[in-house]
Structure formats: C-alpha cells, structure tokens
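Colleague: Got a structure for you, written out below as structure tokens; questions coming shortly.
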Amino acid sequence: MKMTSSLKSLILIGTIALLTGCAASVPLASKEQDASSKAFKTSATMAGVYIYRDNSQFGKALTKRVSIDGVVIGETAPGVYFRKEVAPGEHTVATQAEFGENTLKFNAEAGKIYFFQQYMKWGTFQGSAGIQAVSEDVGRQSVLQGNEAR
C-alpha cells in the first residue's frame with residue numbers, strides 16, 4: 001500500500017518536531033562562576049576540561065548526561081558547558097547515547113586546557129549524542145557563547 005504525500009509530510013513534520021521541540025533547560029551556574037570559568041585559567045598542577053554543547057536547533061529538546069572517568073558531571077542542553085579540573089594522566093569523557101555511552105580517551109597534561117564538544121545525532125528510536133575533541137580556538141569561542149551549567 002502506498003503512502004500518500006500528505007501522510008509522508010505529516011510523519012516528517014512529527015519527526016522533526018520530536019527532535020527539535022522546545023528547548024531543554026538545565027540548572028545554570030551563577031553569573032560570577034560563569035565569568036570565572038570563561039577566564040580559561042587552570043592550576044599548574046591540574047588540567048582544565050571544558051565539555052560544551054553548541055546552541056544548535058537539532059535535538060534542542062534533549063538533555064544528555066556527560067561524565068569524566070565514569071563520574072556524571074551533569075546534563076547538557078543547547079548552549080551550555082561544564083568546566084572541571086583533572087589530575088594529569090589518562091581520562092575518559094563520555095556522553096549518554098541512545099544505547100549506553102559514547103566515550104573518548106585523552107591524556108591530560110598539567111597546566112593545559114582541553115575542549116570537548118557534545119553533539120546531537122540521529123538515533124534509531126530517539127536522538128543520540130556523540131563527543132569529540134576540538135581545538136582550543138574553537139572550544140574557547142563556543143564556551144564564550146554559552147552558559148555554565150552546574
């Protein structure tokens with residue numbers, strides 16, 4: 001049986017509405033804490049880690065957990081970021097995906113800052129998320145445009 005053009009359009013519109021929908025919200029840090037984090041300073045004995053999600057319209061109704069070394073640091077929404085410090089050595093950043101987690105390992109050096117972008121992507125049954133390392137220039141610009149989550 002063939003689907004009519006209007007039924008296909010209705011299904012497409014419904015799918016887009018589910019993936020874009022109303023913007024998700026998460027608790028935000030104070031304006032002072034946000035300003036402090038945007039100074040991009042870290043101690044000489046630790047490494048700074050920023051995990052951000054840009055303000056993309058795709059999947060804006062979704063919140064997804066992010067973690068460092070298996071410890072959940074919070075849920076992201078469009079235009080938010082998290083800042084944490086970690087000891088030098090190997091670490092894993094992860095994001096909640098459709099079926100489990102997507103992870104990325106990195107080796108942190110004392111005094112350096114690392115940036116990771118969480119991005120939304122199509123899933124089989126619901127929106128999913130991935131995570132990728134980005135350059136310091138790209139990461140700083142994205143964080144400066146966002147708000148720190150707590």
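By order of appearance in the structure tokens: chains A, B, ..., then residues from 1 within every chain, and ligands from 1 in the order shown.
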Could you give me, as a VMD selection string, the residues within 8 Å of Asn107 (chain A), counting only C-alpha atoms and dropping anything in the same chain fewer than 2 positions from it?
Modeller: chain A and resid 88 to 91 105 109
Colleague: If you keep N, CA and C atoms, can you produce a file of those selected residues as a JSON list (two decimals), in the first residue's frame?
Modeller:
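To be explicit, this is the file written out as selection_16.json:
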```json
[["chain", "number", "residue", "atom", "x", "y", "z"],
["A", 88, "PRO", "N", 46.79, 15.18, 36.05],
["A", 88, "PRO", "CA", 47.45, 14.71, 34.83],
["A", 88, "PRO", "C", 47.30, 13.19, 34.69],
["A", 89, "GLY", "N", 47.26, 12.72, 33.45],
["A", 89, "GLY", "CA", 47.13, 11.30, 33.18],
["A", 89, "GLY", "C", 45.99, 11.02, 32.23],
["A", 90, "GLU", "N", 45.71, 9.73, 32.04],
["A", 90, "GLU", "CA", 44.66, 9.32, 31.10],
["A", 90, "GLU", "C", 43.28, 9.48, 31.73],
["A", 91, "HIS", "N", 42.36, 10.00, 30.95],
["A", 91, "HIS", "CA", 40.98, 10.20, 31.38],
["A", 91, "HIS", "C", 40.04, 9.84, 30.26],
["A", 105, "LYS", "N", 38.89, 8.86, 25.05],
["A", 105, "LYS", "CA", 40.00, 8.92, 26.00],
["A", 105, "LYS", "C", 40.96, 10.04, 25.60],
["A", 109, "GLU", "N", 47.66, 16.85, 30.45],
["A", 109, "GLU", "CA", 48.93, 17.37, 30.95],
["A", 109, "GLU", "C", 48.66, 18.54, 31.88]]
```
Colleague: Please list as a list in words every residue within 10 Å of Gly123 (chain A), counting only C-alpha atoms and excluding residues in the same chain fewer than 4 positions away.
Modeller: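 So the residues in contact are Ala97, Glu98, Phe99, Gly127, Ser128 and Ala129 of chain A.
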Colleague: Nearest to Glu136 (chain A): which of A:Trp122, A:Lys64, A:Tyr50, A:Ser36 is it, counting only C-alpha atoms?
Modeller: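 Smallest separation from Glu136 (chain A) among the options: A:Tyr50.
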Colleague: Which residues come within 12 Å of region 130-134 of chain A, counting only C-alpha atoms, excluding same-chain residues fewer than 3 positions away, as a ChimeraX atom specification?
Modeller: /A:49-54,64-68,92-107,113-123,127,137-143
Colleague: Write the selection just made, keeping N, CA and C atoms, as a short mmCIF file (atom, residue, chain, number, x, y, z; two decimals), in the first residue's frame?
Modeller:
```cif
data_model
loop_
_atom_site.label_atom_id
_atom_site.label_comp_id
_atom_site.auth_asym_id
_atom_site.auth_seq_id
_atom_site.Cartn_x
_atom_site.Cartn_y
_atom_site.Cartn_z
N VAL A 49 39.27 20.98 31.89
CA VAL A 49 38.45 20.28 30.91
C VAL A 49 37.13 21.03 30.75
N TYR A 50 36.81 21.39 29.51
CA TYR A 50 35.53 22.01 29.18
C TYR A 50 34.78 21.06 28.26
N ILE A 51 33.55 20.76 28.62
CA ILE A 51 32.67 19.98 27.75
C ILE A 51 31.48 20.87 27.45
N TYR A 52 31.24 21.12 26.17
CA TYR A 52 30.17 22.05 25.81
C TYR A 52 29.26 21.45 24.75
N ARG A 53 28.11 22.05 24.67
CA ARG A 53 27.14 21.72 23.62
C ARG A 53 26.75 23.04 22.97
N ASP A 54 26.88 23.12 21.66
CA ASP A 54 26.55 24.39 21.00
C ASP A 54 25.04 24.62 21.00
N LYS A 64 21.33 15.43 27.68
CA LYS A 64 22.14 14.21 27.69
C LYS A 64 23.22 14.36 28.76
N ARG A 65 23.40 13.30 29.55
CA ARG A 65 24.42 13.28 30.60
C ARG A 65 25.83 13.30 30.01
N VAL A 66 26.74 13.95 30.71
CA VAL A 66 28.17 13.86 30.38
C VAL A 66 28.91 13.47 31.64
N SER A 67 30.03 12.77 31.46
CA SER A 67 30.80 12.32 32.60
C SER A 67 32.29 12.35 32.28
N ILE A 68 33.06 12.38 33.34
CA ILE A 68 34.52 12.26 33.25
C ILE A 68 34.92 11.11 34.15
N THR A 92 38.78 9.64 30.63
CA THR A 92 37.74 9.34 29.65
C THR A 92 36.59 10.31 29.82
N VAL A 93 36.21 10.98 28.74
CA VAL A 93 34.99 11.79 28.74
C VAL A 93 33.93 10.97 28.02
N ALA A 94 32.69 11.09 28.47
CA ALA A 94 31.63 10.28 27.88
C ALA A 94 30.33 11.08 27.83
N THR A 95 29.48 10.70 26.90
CA THR A 95 28.15 11.27 26.80
C THR A 95 27.13 10.15 26.68
N GLN A 96 25.99 10.40 27.26
CA GLN A 96 24.87 9.47 27.17
C GLN A 96 24.47 9.38 25.70
N ALA A 97 24.36 8.18 25.20
CA ALA A 97 23.93 7.95 23.82
C ALA A 97 22.62 7.18 23.85
N GLU A 98 22.18 6.76 22.71
CA GLU A 98 20.90 6.04 22.66
C GLU A 98 21.00 4.70 23.37
N PHE A 99 22.08 3.98 23.14
CA PHE A 99 22.27 2.66 23.75
C PHE A 99 23.58 2.65 24.52
N GLY A 100 23.62 3.24 25.71
CA GLY A 100 24.83 3.27 26.50
C GLY A 100 25.51 4.62 26.44
N GLU A 101 26.84 4.60 26.23
CA GLU A 101 27.61 5.84 26.21
C GLU A 101 28.56 5.86 25.02
N ASN A 102 28.84 7.04 24.54
CA ASN A 102 29.94 7.25 23.59
C ASN A 102 31.06 7.86 24.40
N THR A 103 32.27 7.31 24.25
CA THR A 103 33.40 7.73 25.08
C THR A 103 34.58 8.18 24.22
N LEU A 104 35.45 8.94 24.86
CA LEU A 104 36.67 9.41 24.21
C LEU A 104 37.75 9.51 25.29
N LYS A 105 38.89 8.86 25.05
CA LYS A 105 40.00 8.92 26.00
C LYS A 105 40.96 10.04 25.60
N PHE A 106 41.59 10.65 26.60
CA PHE A 106 42.61 11.65 26.33
C PHE A 106 43.63 11.63 27.45
N ASN A 107 44.82 12.11 27.16
CA ASN A 107 45.89 12.16 28.13
C ASN A 107 46.09 13.61 28.55
N ILE A 113 44.60 23.06 28.92
CA ILE A 113 43.13 23.07 28.88
C ILE A 113 42.68 22.27 27.68
N TYR A 114 41.65 21.45 27.88
CA TYR A 114 41.11 20.58 26.83
C TYR A 114 39.64 20.91 26.61
N PHE A 115 39.23 20.86 25.35
CA PHE A 115 37.85 21.18 24.99
C PHE A 115 37.23 20.01 24.25
N PHE A 116 35.99 19.68 24.64
CA PHE A 116 35.24 18.61 24.01
C PHE A 116 33.84 19.11 23.68
N GLN A 117 33.40 18.79 22.48
CA GLN A 117 32.06 19.17 22.06
C GLN A 117 31.15 17.95 22.10
N GLN A 118 30.04 18.09 22.80
CA GLN A 118 28.99 17.08 22.75
C GLN A 118 28.06 17.52 21.63
N TYR A 119 27.67 16.60 20.75
CA TYR A 119 26.79 16.94 19.65
C TYR A 119 25.65 15.92 19.57
N MET A 120 24.50 16.40 19.14
CA MET A 120 23.35 15.54 18.97
C MET A 120 23.39 14.90 17.59
N LYS A 121 22.87 13.68 17.50
CA LYS A 121 22.83 12.99 16.22
C LYS A 121 21.61 12.09 16.18
N TRP A 122 21.29 11.66 14.98
CA TRP A 122 20.14 10.77 14.82
C TRP A 122 20.40 9.45 15.51
N GLY A 123 19.35 8.89 16.11
CA GLY A 123 19.41 7.57 16.71
C GLY A 123 18.41 6.66 16.01
N GLY A 127 16.83 10.57 19.70
CA GLY A 127 18.07 11.29 19.45
C GLY A 127 19.19 10.73 20.30
N ASP A 137 41.01 27.03 20.01
CA ASP A 137 40.33 28.21 19.44
C ASP A 137 38.83 27.98 19.29
N VAL A 138 38.46 26.84 18.72
CA VAL A 138 37.05 26.51 18.52
C VAL A 138 36.35 26.37 19.87
N GLY A 139 37.00 25.66 20.80
CA GLY A 139 36.41 25.45 22.11
C GLY A 139 36.20 26.74 22.89
N ARG A 140 37.18 27.61 22.90
CA ARG A 140 37.05 28.89 23.61
C ARG A 140 35.90 29.71 23.04
N GLN A 141 35.82 29.81 21.72
CA GLN A 141 34.75 30.60 21.10
C GLN A 141 33.38 30.04 21.46
N SER A 142 33.25 28.74 21.46
CA SER A 142 31.95 28.11 21.79
C SER A 142 31.59 28.32 23.25
N VAL A 143 32.57 28.16 24.14
CA VAL A 143 32.31 28.36 25.58
C VAL A 143 31.94 29.82 25.84
#
```
Colleague: Between A:Gln126, A:Thr45, A:Asn55, A:Asn147, which is the closest to Gln33 (chain A) once you count only C-alpha atoms?
Modeller: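 Of A:Gln126, A:Thr45, A:Asn55, A:Asn147, the one nearest Gln33 (chain A) is A:Asn147, counting only C-alpha atoms.
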Colleague: Report, in Å to a single decimal, how far apart CA of Asp34 (chain A) and CA of Asp69 (chain A) are.
Modeller: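 Separating CA of Asp69 (chain A) from CA of Asp34 (chain A) is a distance of 23.4 Å.
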Colleague: Provide the CA of Leu62 (chain A) to CA of Ala29 (chain A) distance in Å, to one decimal place.
Modeller: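 Atom-to-atom, CA of Leu62 (chain A) and CA of Ala29 (chain A) are spaced 19.6 Å apart.
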Colleague: Go through A:Val80, A:Met46, A:Ala61, A:Ala87 and flag the residue nearest Leu144 (chain A), using only C-alpha atoms for the distances.
Modeller: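 Among the listed residues, A:Val80 lies closest to Leu144 (chain A).
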Colleague: From the DSSP assignment of the backbone, select every residue of region 23-150 of chain A that is helix (DSSP H, G or I), and format the answer as a ChimeraX atom specification.
Modeller: /A:31-37,136-145
Colleague: Enumerate the residues of region 34-134 of chain A with a DSSP assignment of strand (DSSP E), computed from the backbone, and present them as a ChimeraX atom specification.
Modeller: /A:47-53,64-68,71-76,80-86,89-97,100-108,113-121,128-134
Colleague: CA of Arg150 (chain A) and CA of Ser43 (chain A) are how many Å apart?
Modeller: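 Straight-line distance from CA of Arg150 (chain A) to CA of Ser43 (chain A) works out to 20.4 Å.
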Colleague: Can you pull out the residues contacting Thr42 (chain A)? Cut-off 8 Å, using only C-alpha atoms, and skip same-chain residues under 2 positions away; I want them as a ChimeraX atom specification.
Modeller: /A:40,44,46-48,85,111-113
Colleague: Put those residues in a file: C-alpha atoms, as a PDB file, in the first residue's frame.
Modeller:
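The resulting file, again_26.pdb, is shown below:
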```
ATOM      1  CA  PHE A  40      40.222  29.902  30.989  1.00  0.00           C
ATOM      2  CA  ALA A  44      49.811  24.484  37.256  1.00  0.00           C
ATOM      3  CA  MET A  46      45.940  20.166  37.144  1.00  0.00           C
ATOM      4  CA  ALA A  47      44.395  20.189  33.657  1.00  0.00           C
ATOM      5  CA  GLY A  48      41.238  22.089  32.745  1.00  0.00           C
ATOM      6  CA  GLU A  85      39.845  20.143  36.613  1.00  0.00           C
ATOM      7  CA  GLY A 111      48.552  23.352  33.125  1.00  0.00           C
ATOM      8  CA  LYS A 112      46.791  22.601  29.819  1.00  0.00           C
ATOM      9  CA  ILE A 113      43.135  23.071  28.882  1.00  0.00           C
TER      10      ILE A 113
END
```
